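*Asks:* For reference, the file data31.txt (compact mmCIF, C-alpha atoms) is included below:
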```
# COMPACT_ATOMS: atom_id res chain seq x y z
CA ARG A 1 20.78 -8.04 -0.66
CA SER A 2 21.11 -6.41 2.70
CA ARG A 3 20.70 -2.84 3.76
CA GLN A 4 21.04 -0.85 6.92
CA ILE A 5 18.26 1.06 8.64
CA ARG A 6 18.92 3.56 11.38
CA ASN A 7 16.45 3.84 14.20
CA PRO A 8 14.73 7.19 14.74
CA GLN A 9 17.27 8.27 17.36
CA ASN A 10 20.23 7.21 15.19
CA VAL A 11 21.68 5.58 18.30
CA GLN A 12 22.37 2.17 16.87
CA GLU A 13 22.45 0.46 13.53
CA GLN A 14 21.16 -2.99 12.61
CA GLU A 15 21.73 -4.85 9.37
CA PHE A 16 18.82 -6.68 7.78
CA THR A 17 18.76 -9.41 5.15
CA ARG A 18 15.03 -9.97 5.32
CA PRO A 19 12.58 -10.54 3.88
CA SER A 20 14.13 -13.24 1.75
CA PRO A 21 12.38 -13.73 -1.60
CA ALA A 22 10.99 -17.01 -0.31
CA GLU A 23 9.46 -15.26 2.72
CA ALA A 24 7.81 -12.65 0.52
CA TYR A 25 6.45 -15.38 -1.77
CA TYR A 26 5.21 -17.43 1.17
CA VAL A 27 3.41 -14.55 2.89
CA THR A 28 1.79 -13.48 -0.38
CA ALA A 29 0.67 -17.02 -1.15
CA ALA A 30 -0.57 -17.71 2.39
CA LEU A 31 -2.57 -14.49 2.60
CA SER A 32 -3.96 -14.93 -0.92
CA LYS A 33 -5.39 -18.27 0.21
CA LEU A 34 -6.97 -16.56 3.22
CA HIS A 35 -8.15 -13.45 1.33
CA PRO A 36 -8.63 -14.62 -2.30
CA GLU A 37 -10.87 -11.66 -3.16
CA ILE A 38 -7.85 -9.35 -3.01
CA VAL A 39 -5.88 -11.24 -5.66
CA ASP A 40 -9.00 -11.77 -7.78
CA ARG A 41 -9.58 -8.02 -7.82
CA HIS A 42 -5.98 -7.39 -8.77
CA ASP A 43 -6.11 -9.95 -11.54
CA GLU A 44 -8.97 -7.97 -13.04
CA ARG A 45 -7.06 -4.71 -12.55
CA ARG A 46 -3.97 -6.16 -14.23
CA LYS A 47 -6.07 -7.43 -17.12
CA LYS A 48 -7.62 -4.00 -17.68
CA ALA A 49 -4.24 -2.29 -17.33
CA HIS A 50 -2.74 -4.62 -19.90
CA GLN A 51 -5.61 -3.98 -22.33
CA SER A 52 -5.28 -0.21 -21.93
CA CYS A 53 -1.46 -0.25 -21.87
CA GLY A 54 -1.31 1.39 -18.45
CA GLY A 55 -3.25 2.37 -15.37
CA GLN A 56 -6.95 3.04 -15.65
CA ASP A 57 -7.46 5.43 -12.73
CA THR A 58 -6.91 9.13 -13.37
CA ILE A 59 -3.94 10.52 -11.48
CA THR A 60 -6.05 13.29 -9.95
CA ASP A 61 -8.70 10.84 -8.76
CA SER A 62 -6.04 8.57 -7.29
CA ILE A 63 -4.34 11.37 -5.39
CA MET A 64 -7.52 12.90 -3.98
CA HIS A 65 -8.96 9.50 -3.09
CA THR A 66 -5.79 8.55 -1.22
CA MET A 67 -5.76 11.88 0.62
CA LEU A 68 -9.28 11.12 1.85
CA SER A 69 -8.21 7.66 3.05
CA GLN A 70 -5.64 8.95 5.52
CA ASN A 71 -6.50 8.52 9.21
CA THR A 72 -10.06 7.34 8.66
CA THR A 73 -11.98 4.14 8.05
CA ASP A 74 -12.71 2.70 4.62
CA ALA A 75 -16.41 3.27 5.12
CA ASN A 76 -15.97 6.95 5.98
CA LYS A 77 -13.49 7.42 3.15
CA ASP A 78 -15.97 5.95 0.66
CA ARG A 79 -18.80 8.12 1.99
CA ALA A 80 -16.60 11.23 1.81
CA TRP A 81 -15.58 10.41 -1.76
CA ALA A 82 -19.19 9.87 -2.81
CA GLY A 83 -20.20 13.15 -1.17
CA LEU A 84 -17.37 15.04 -2.87
CA LYS A 85 -18.13 13.68 -6.35
CA ARG A 86 -21.84 14.28 -5.88
CA LYS A 87 -21.31 17.94 -4.94
CA PHE A 88 -18.38 18.54 -7.32
CA PRO A 89 -18.55 16.26 -10.39
CA THR A 90 -15.34 17.77 -11.84
CA TRP A 91 -12.03 18.85 -10.32
CA ASP A 92 -12.42 22.24 -12.01
CA MET A 93 -15.42 22.79 -9.77
CA VAL A 94 -13.35 22.00 -6.66
CA GLU A 95 -10.56 24.31 -7.83
CA SER A 96 -12.91 27.23 -8.55
CA CYS A 97 -15.09 26.84 -5.44
CA GLU A 98 -15.06 30.16 -3.58
CA ASN A 99 -16.58 28.81 -0.39
CA LEU A 100 -14.20 26.26 1.14
CA GLU A 101 -16.88 25.22 3.63
CA GLU A 102 -18.81 23.60 0.80
CA ILE A 103 -15.89 21.24 0.16
CA GLU A 104 -15.50 20.67 3.90
CA THR A 105 -19.16 19.73 4.23
CA ALA A 106 -18.93 17.28 1.34
CA ILE A 107 -16.05 15.37 2.95
CA LYS A 108 -16.85 15.99 6.63
CA VAL A 109 -17.48 12.33 7.41
CA ALA A 110 -13.81 11.49 6.79
CA GLY A 111 -12.66 13.89 9.52
CA LEU A 112 -10.05 16.66 9.33
CA ALA A 113 -12.31 18.22 6.73
CA LYS A 114 -10.85 21.75 6.82
CA THR A 115 -7.28 20.54 6.38
CA ARG A 116 -8.17 18.05 3.65
CA ALA A 117 -10.33 20.53 1.74
CA GLN A 118 -7.69 23.26 1.86
CA ARG A 119 -4.91 20.95 0.70
CA MET A 120 -6.96 19.41 -2.09
CA GLN A 121 -7.99 22.80 -3.44
CA ASN A 122 -4.48 24.23 -3.09
CA ILE A 123 -3.04 21.39 -5.16
CA LEU A 124 -5.61 21.88 -7.89
CA ARG A 125 -5.11 25.65 -7.95
CA GLN A 126 -1.33 25.35 -8.05
CA VAL A 127 -1.47 22.88 -10.93
CA LYS A 128 -3.94 25.04 -12.85
CA GLN A 129 -1.77 28.11 -12.36
CA GLU A 130 1.31 26.25 -13.57
CA ARG A 131 -0.21 24.19 -16.37
CA GLY A 132 -3.53 25.79 -17.23
CA LYS A 133 -5.68 22.86 -16.10
CA ALA A 134 -6.79 21.49 -12.74
CA SER A 135 -5.43 18.04 -13.49
CA LEU A 136 -2.37 16.01 -12.58
CA GLU A 137 -2.58 13.75 -15.61
CA TYR A 138 0.68 15.19 -16.94
CA ILE A 139 2.41 12.97 -14.38
CA ARG A 140 1.54 9.99 -16.57
CA ASP A 141 4.11 11.19 -19.10
CA PHE A 142 6.95 10.89 -16.57
CA ASP A 143 8.78 7.63 -17.25
CA ASP A 144 11.14 7.99 -14.30
CA ASP A 145 9.77 7.07 -10.86
CA ASP A 146 12.13 9.45 -9.06
CA LYS A 147 10.89 12.29 -11.24
CA VAL A 148 7.29 11.45 -10.29
CA LYS A 149 8.20 11.39 -6.60
CA LYS A 150 10.06 14.69 -6.82
CA GLU A 151 7.20 16.36 -8.65
CA LEU A 152 4.41 15.16 -6.37
CA SER A 153 6.34 15.80 -3.17
CA ARG A 154 6.18 19.54 -3.97
CA PHE A 155 2.54 19.55 -2.92
CA LYS A 156 1.66 19.85 0.76
CA GLY A 157 -0.31 16.84 1.90
CA LEU A 158 1.30 14.35 -0.48
CA GLY A 159 3.61 12.12 1.52
CA PRO A 160 5.58 9.00 0.53
CA LYS A 161 2.62 6.64 1.01
CA THR A 162 0.24 8.65 -1.17
CA ILE A 163 2.87 9.05 -3.88
CA SER A 164 3.76 5.36 -3.72
CA CYS A 165 0.07 4.45 -4.12
CA VAL A 166 -0.18 6.66 -7.20
CA LEU A 167 2.85 4.98 -8.72
CA LEU A 168 1.52 1.49 -7.97
CA PHE A 169 -2.17 1.74 -8.72
CA SER A 170 -2.43 4.51 -11.32
CA LEU A 171 0.87 4.14 -13.15
CA GLY A 172 1.41 0.42 -12.71
CA ARG A 173 4.96 0.88 -11.39
CA ASN A 174 6.78 -1.52 -9.08
CA GLU A 175 6.05 0.14 -5.75
CA PHE A 176 5.36 -1.13 -2.23
CA PRO A 177 3.45 1.48 -0.20
CA VAL A 178 3.74 1.22 3.58
CA ASP A 179 0.77 2.17 5.72
CA THR A 180 0.21 1.49 9.42
CA HIS A 181 -0.94 -2.10 8.80
CA VAL A 182 2.02 -2.95 6.58
CA LEU A 183 4.42 -1.36 9.06
CA ARG A 184 2.97 -3.18 12.05
CA ILE A 185 2.87 -6.63 10.44
CA THR A 186 6.30 -6.45 8.82
CA GLN A 187 7.75 -5.41 12.18
CA LYS A 188 5.94 -8.32 13.81
CA MET A 189 7.44 -10.73 11.25
CA GLY A 190 10.92 -9.35 11.87
CA TRP A 191 11.36 -7.93 8.38
CA ILE A 192 12.15 -4.46 9.70
CA SER A 193 13.27 -2.97 12.98
CA SER A 194 10.65 -2.25 15.61
CA GLY A 195 12.00 1.31 15.73
CA ALA A 196 11.76 1.99 12.01
CA SER A 197 9.43 4.75 10.83
CA ARG A 198 7.03 4.29 7.93
CA GLU A 199 9.39 6.24 5.69
CA GLN A 200 12.35 4.06 6.67
CA ALA A 201 10.29 0.92 6.23
CA TYR A 202 9.16 2.08 2.78
CA ASP A 203 12.72 2.76 1.60
CA TYR A 204 13.87 -0.66 2.76
CA LEU A 205 10.89 -2.83 1.78
CA ASN A 206 10.44 -1.16 -1.60
CA ASP A 207 14.00 -2.23 -2.42
CA ASN A 208 13.66 -5.77 -1.09
CA ILE A 209 10.14 -7.01 -1.85
CA PRO A 210 10.12 -8.88 -5.21
CA ASN A 211 8.44 -6.74 -7.85
CA GLU A 212 6.03 -9.44 -8.96
CA VAL A 213 4.26 -9.57 -5.58
CA LYS A 214 4.33 -5.91 -4.54
CA MET A 215 0.73 -5.04 -5.38
CA ASP A 216 -0.79 -8.23 -4.00
CA LEU A 217 1.37 -8.32 -0.88
CA HIS A 218 0.72 -4.68 0.00
CA CYS A 219 -3.06 -5.02 -0.23
CA LEU A 220 -3.10 -8.43 1.43
CA LEU A 221 -1.20 -7.08 4.43
CA VAL A 222 -3.57 -4.10 4.66
CA ARG A 223 -6.59 -6.39 4.53
CA HIS A 224 -5.12 -8.89 6.99
CA GLY A 225 -4.26 -6.14 9.44
CA LYS A 226 -7.93 -5.15 9.53
CA VAL A 227 -9.38 -8.62 10.17
CA CYS A 228 -6.80 -10.69 12.08
CA HIS A 229 -6.77 -10.50 15.88
CA LYS A 230 -3.08 -11.42 16.04
CA CYS A 231 -2.02 -8.79 13.52
CA ALA A 232 -4.43 -5.95 14.29
CA ALA A 233 -3.39 -3.00 16.42
CA ASN A 234 -3.91 -3.85 20.08
CA GLY A 235 -5.46 -7.15 19.03
CA ARG A 236 -8.67 -5.37 17.99
CA PRO A 237 -9.37 -5.79 14.25
CA GLN A 238 -11.62 -3.29 12.48
CA PHE A 239 -13.52 -6.08 10.75
CA PRO A 240 -13.32 -9.30 12.80
CA PRO A 241 -15.06 -12.43 11.46
CA GLU A 242 -18.83 -11.99 11.74
CA ASP A 243 -19.25 -15.35 13.48
CA GLY A 244 -17.08 -14.22 16.39
CA SER A 245 -14.22 -16.57 15.55
CA LYS A 246 -10.57 -15.66 15.14
CA LEU A 247 -8.60 -16.29 11.97
CA ASP A 248 -5.92 -18.96 11.99
CA CYS A 249 -3.08 -16.55 11.17
CA PRO A 250 -0.53 -18.04 8.74
CA LEU A 251 2.07 -15.43 9.70
CA SER A 252 2.53 -16.35 13.34
CA LYS A 253 5.66 -18.46 12.73
CA VAL A 254 7.36 -16.29 10.13
CA SER A 255 9.42 -14.32 12.63
CA SER A 256 11.03 -17.51 13.91
CA TRP A 257 12.17 -18.72 10.50
CA GLY A 258 14.98 -16.18 10.17
CA GLY A 259 14.45 -15.80 6.44
CA SER A 260 14.17 -19.49 5.60
CA VAL A 261 10.81 -21.01 4.79
CA PRO A 262 10.31 -24.70 5.62
CA GLU A 263 9.53 -26.57 2.41
CA ALA A 264 6.38 -28.06 3.88
CA PHE A 265 4.91 -24.59 4.25
CA VAL A 266 5.72 -23.19 0.84
CA VAL A 267 5.06 -25.82 -1.81
CA ASP A 268 1.29 -26.25 -1.63
CA LEU A 269 0.69 -22.54 -1.15
CA ALA A 270 3.03 -21.58 -3.96
CA LYS A 271 1.32 -24.01 -6.31
CA ALA A 272 -1.96 -22.30 -5.54
CA TYR A 273 -0.53 -18.88 -6.37
CA TRP A 274 2.05 -19.56 -9.08
CA ASN A 275 2.63 -22.20 -11.73
CA ALA A 276 4.91 -25.20 -11.27
CA SER A 277 7.97 -23.52 -12.79
CA ALA A 278 7.60 -20.66 -10.32
CA VAL A 279 7.60 -23.16 -7.45
CA VAL A 280 10.92 -24.49 -8.68
CA ALA A 281 12.30 -20.95 -8.81
CA ILE A 282 11.08 -20.23 -5.29
CA LYS A 283 12.62 -23.40 -3.91
CA SER A 284 15.92 -22.64 -5.62
CA GLU A 285 16.16 -19.44 -3.57
CA MET A 286 15.31 -21.14 -0.30
CA VAL A 287 17.61 -22.39 2.38
CA VAL A 288 15.38 -25.20 3.51
CA PRO A 289 15.81 -26.17 7.18
CA ASP A 290 14.56 -29.34 8.77
CA VAL A 291 10.84 -29.03 9.32
CA PRO A 292 10.06 -29.36 13.02
CA LYS A 293 7.89 -32.29 13.83
CA SER A 294 4.52 -31.33 15.21
CA LYS A 295 3.98 -32.18 18.83
```
Take the structure from the file and write it as structure tokens.

*Replies:*
Amino acid sequence: RSRQIRNPQNVQEQEFTRPSPAEAYYVTAALSKLHPEIVDRHDERRKKAHQSCGGQDTITDSIMHTMLSQNTTDANKDRAWAGLKRKFPTWDMVESCENLEEIETAIKVAGLAKTRAQRMQNILRQVKQERGKASLEYIRDFDDDDKVKKELSRFKGLGPKTISCVLLFSLGRNEFPVDTHVLRITQKMGWISSGASREQAYDYLNDNIPNEVKMDLHCLLVRHGKVCHKCAANGRPQFPPEDGSKLDCPLSKVSSWGGSVPEAFVVDLAKAYWNASAVVAIKSEMVVPDVPKSK
């Protein structure tokens, strides 16, 4: 399926037919081989979600945690979260806090503390005023994704990425959040226009990434963007290999494939990620070109 994306200036229009399903499968499989801990963690998450018939994170926790993750490092986000929960064990305590500086101090390490604290408290106070409780768990009863998006977008500070993360990780819906790492790498692979915004990229990729790989692929791209010299912003990864080496990036040739994945690249990786019948399904969707001989 193809779709059109306008660039930010709406000056020209380009039609995309990528990523092909085979490309999405290949990238997921290749990165899962390089970063197996991501898929292992998700396998455990999926197992727990299946046992509990849904997501296991509270909606409120998920939203506030994601708000703290914006424009900061993982380490600072985790420290801010720990400080917030230590000072305010319940969301009712955050909502009723009369001194906003106390919330700011708890999350200061994440940066933008005043803005974050104000927005977090405002959301909780608005929800309590409307529903009698400082909790967004009522969202779990919404069975329509568009209804969830419309409801959460009412709150200042909740953008498409945060809402998409809530849908994916807390509600177990088929969503593909786009952060700066996902945007940068998918542009590098030629899946989206270099002029596309994160919102445009989200609309397009969420429609075109196969549902079965959305969670793994999103997190694998985020992780890869933090450790790979070729895929990191300005070639400077946040967490380069400790031994000083550079990863052998499996994505470097994807942009040149034009949507087709050479069979030699996909079969072994797909077998490692899916069962044999899935490999057959992947190959049936491929337009397999001649594999260039190595020089």

*Asks:* Could you give me, as a Markdown table, a per-residue list for segment 134-208 of chain A showing, wherever an atom lies at most 10 Å from an atom of segment 222-227 of chain A, the closest pair of atoms and their distance in Å to one decimal, using all atoms listed in the file and sorting by chain then residue number from low to high?

*Replies:*
```
| residue | atom | partner | partner_atom | distance |
| --- | --- | --- | --- | --- |
| A:Val178 | CA | A:Val222 | CA | 9.1 |
| A:Asp179 | CA | A:Val222 | CA | 7.7 |
| A:Thr180 | CA | A:Val222 | CA | 8.3 |
| A:His181 | CA | A:Gly225 | CA | 5.3 |
| A:Val182 | CA | A:Val222 | CA | 6.0 |
| A:Leu183 | CA | A:Val222 | CA | 9.5 |
| A:Arg184 | CA | A:Gly225 | CA | 8.2 |
| A:Ile185 | CA | A:Gly225 | CA | 7.2 |
```

*Asks:* I'd like to know which of A:Gln121, A:Gln70, A:Ser20, A:Thr115 is closest to Asn99 of chain A, using all atoms listed in the file.

*Replies:*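 Among A:Gln121, A:Gln70, A:Ser20, A:Thr115, it is A:Gln121 that comes nearest to Asn99 of chain A.
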
*Asks:* Using all atoms listed in the file, can you tell me which of A:Arg140, A:Arg18, A:Arg173, A:His218 comes closest to Met189 of chain A?

*Replies:*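 Of the candidates, the smallest distance to Met189 of chain A is held by A:Arg18.
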
*Asks:* With only C-alpha atoms as the basis for distance, which of A:Ala22, A:Ala75, A:Arg41, A:Leu34 is at the shortest distance from Gln238 of chain A?

*Replies:*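 Among A:Ala22, A:Ala75, A:Arg41, A:Leu34, it is A:Ala75 that comes nearest to Gln238 of chain A.
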
*Asks:* Give me, as a tab-separated table, the closest atom pair and its distance (Å, one decimal) for every residue of segment 27-123 of chain A within a cut-off of 9 Å of segment 199-216 of chain A, counting all atoms listed in the file, rows sorted by chain and rising number.

*Replies:*
```
residue	atom	partner	partner_atom	distance
A:Thr28	CA	A:Asp216	CA	6.9
A:Ser32	CA	A:Asp216	CA	8.0
A:Ile38	CA	A:Asp216	CA	7.2
A:Val39	CA	A:Asp216	CA	6.1
A:His42	CA	A:Asp216	CA	7.1
```

*Asks:* Can you work out which one of A:Ala106, A:Thr73, A:Gln126, A:Val148 has the shortest atom-to-atom distance to Arg86 of chain A, counting only C-alpha atoms?

*Replies:*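 Smallest distance to Arg86 of chain A is found for A:Ala106.
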
*Asks:* Take segment 115-126 of chain A, bring it up to all heavy atoms, and give me the output as a CSV table (one decimal), in the coordinates of the input.

*Replies:*
```csv
chain,number,residue,atom,x,y,z
A,115,THR,N,-8.6,20.8,6.9
A,115,THR,CA,-7.3,20.5,6.4
A,115,THR,C,-7.3,19.8,5.0
A,115,THR,O,-6.6,20.2,4.1
A,115,THR,CB,-6.5,19.7,7.4
A,115,THR,OG1,-6.4,20.4,8.6
A,115,THR,CG2,-5.1,19.4,6.9
A,116,ARG,N,-8.1,18.8,4.9
A,116,ARG,CA,-8.2,18.0,3.6
A,116,ARG,C,-8.7,18.9,2.5
A,116,ARG,O,-8.1,19.0,1.4
A,116,ARG,CB,-9.1,16.8,3.8
A,116,ARG,CG,-8.6,15.8,4.8
A,116,ARG,CD,-9.6,14.6,4.7
A,116,ARG,NE,-9.6,13.8,5.9
A,116,ARG,CZ,-8.8,12.7,6.1
A,116,ARG,NH1,-8.0,12.3,5.1
A,116,ARG,NH2,-8.9,12.0,7.2
A,117,ALA,N,-9.7,19.7,2.8
A,117,ALA,CA,-10.3,20.5,1.7
A,117,ALA,C,-9.3,21.6,1.3
A,117,ALA,O,-9.2,21.8,0.1
A,117,ALA,CB,-11.6,21.2,2.3
A,118,GLN,N,-8.7,22.2,2.2
A,118,GLN,CA,-7.7,23.3,1.9
A,118,GLN,C,-6.6,22.7,1.0
A,118,GLN,O,-6.2,23.3,0.0
A,118,GLN,CB,-7.1,23.9,3.1
A,118,GLN,CG,-6.2,25.1,2.9
A,118,GLN,CD,-7.0,26.3,2.3
A,118,GLN,OE1,-7.8,26.9,3.1
A,118,GLN,NE2,-6.8,26.6,1.1
A,119,ARG,N,-6.0,21.5,1.4
A,119,ARG,CA,-4.9,21.0,0.7
A,119,ARG,C,-5.3,20.5,-0.7
A,119,ARG,O,-4.6,20.7,-1.7
A,119,ARG,CB,-4.3,19.8,1.5
A,119,ARG,CG,-3.6,20.3,2.7
A,119,ARG,CD,-3.0,19.1,3.5
A,119,ARG,NE,-2.2,19.6,4.6
A,119,ARG,CZ,-1.5,18.8,5.5
A,119,ARG,NH1,-1.7,17.5,5.4
A,119,ARG,NH2,-0.8,19.4,6.5
A,120,MET,N,-6.5,19.9,-0.8
A,120,MET,CA,-7.0,19.4,-2.1
A,120,MET,C,-7.1,20.6,-3.0
A,120,MET,O,-6.7,20.5,-4.2
A,120,MET,CB,-8.3,18.6,-1.9
A,120,MET,CG,-8.1,17.3,-1.2
A,120,MET,SD,-9.7,16.6,-0.6
A,120,MET,CE,-10.3,16.0,-2.2
A,121,GLN,N,-7.8,21.7,-2.6
A,121,GLN,CA,-8.0,22.8,-3.4
A,121,GLN,C,-6.7,23.5,-3.8
A,121,GLN,O,-6.5,23.9,-4.9
A,121,GLN,CB,-8.9,23.8,-2.8
A,121,GLN,CG,-9.3,24.9,-3.7
A,121,GLN,CD,-10.3,25.9,-3.1
A,121,GLN,OE1,-10.0,26.6,-2.1
A,121,GLN,NE2,-11.6,25.9,-3.6
A,122,ASN,N,-5.8,23.6,-2.8
A,122,ASN,CA,-4.5,24.2,-3.1
A,122,ASN,C,-3.7,23.5,-4.2
A,122,ASN,O,-3.1,24.1,-5.0
A,122,ASN,CB,-3.6,24.3,-1.8
A,122,ASN,CG,-4.1,25.4,-0.8
A,122,ASN,OD1,-5.0,26.2,-1.2
A,122,ASN,ND2,-3.7,25.3,0.4
A,123,ILE,N,-3.7,22.2,-4.1
A,123,ILE,CA,-3.0,21.4,-5.2
A,123,ILE,C,-3.6,21.7,-6.5
A,123,ILE,O,-2.9,21.9,-7.5
A,123,ILE,CB,-3.1,19.9,-4.8
A,123,ILE,CG1,-2.3,19.5,-3.6
A,123,ILE,CG2,-2.7,19.0,-6.0
A,123,ILE,CD1,-2.4,18.1,-3.1
A,124,LEU,N,-4.9,21.6,-6.6
A,124,LEU,CA,-5.6,21.9,-7.9
A,124,LEU,C,-5.3,23.3,-8.4
A,124,LEU,O,-5.1,23.5,-9.6
A,124,LEU,CB,-7.1,21.6,-7.7
A,124,LEU,CG,-7.5,20.2,-7.4
A,124,LEU,CD1,-9.0,20.1,-7.1
A,124,LEU,CD2,-7.2,19.3,-8.7
A,125,ARG,N,-5.3,24.3,-7.5
A,125,ARG,CA,-5.1,25.6,-8.0
A,125,ARG,C,-3.7,25.9,-8.4
A,125,ARG,O,-3.4,26.6,-9.4
A,125,ARG,CB,-5.5,26.6,-6.8
A,125,ARG,CG,-7.0,26.7,-6.6
A,125,ARG,CD,-7.4,27.7,-5.6
A,125,ARG,NE,-8.8,28.0,-5.6
A,125,ARG,CZ,-9.5,28.8,-4.8
A,125,ARG,NH1,-8.8,29.5,-3.8
A,125,ARG,NH2,-10.8,29.0,-4.9
A,126,GLN,N,-2.7,25.2,-7.7
A,126,GLN,CA,-1.3,25.4,-8.0
A,126,GLN,C,-1.1,24.7,-9.4
A,126,GLN,O,-0.4,25.3,-10.3
A,126,GLN,CB,-0.4,24.7,-7.0
A,126,GLN,CG,1.1,24.8,-7.3
A,126,GLN,CD,1.9,24.2,-6.2
A,126,GLN,OE1,1.4,24.0,-5.1
A,126,GLN,NE2,3.2,23.9,-6.5
```
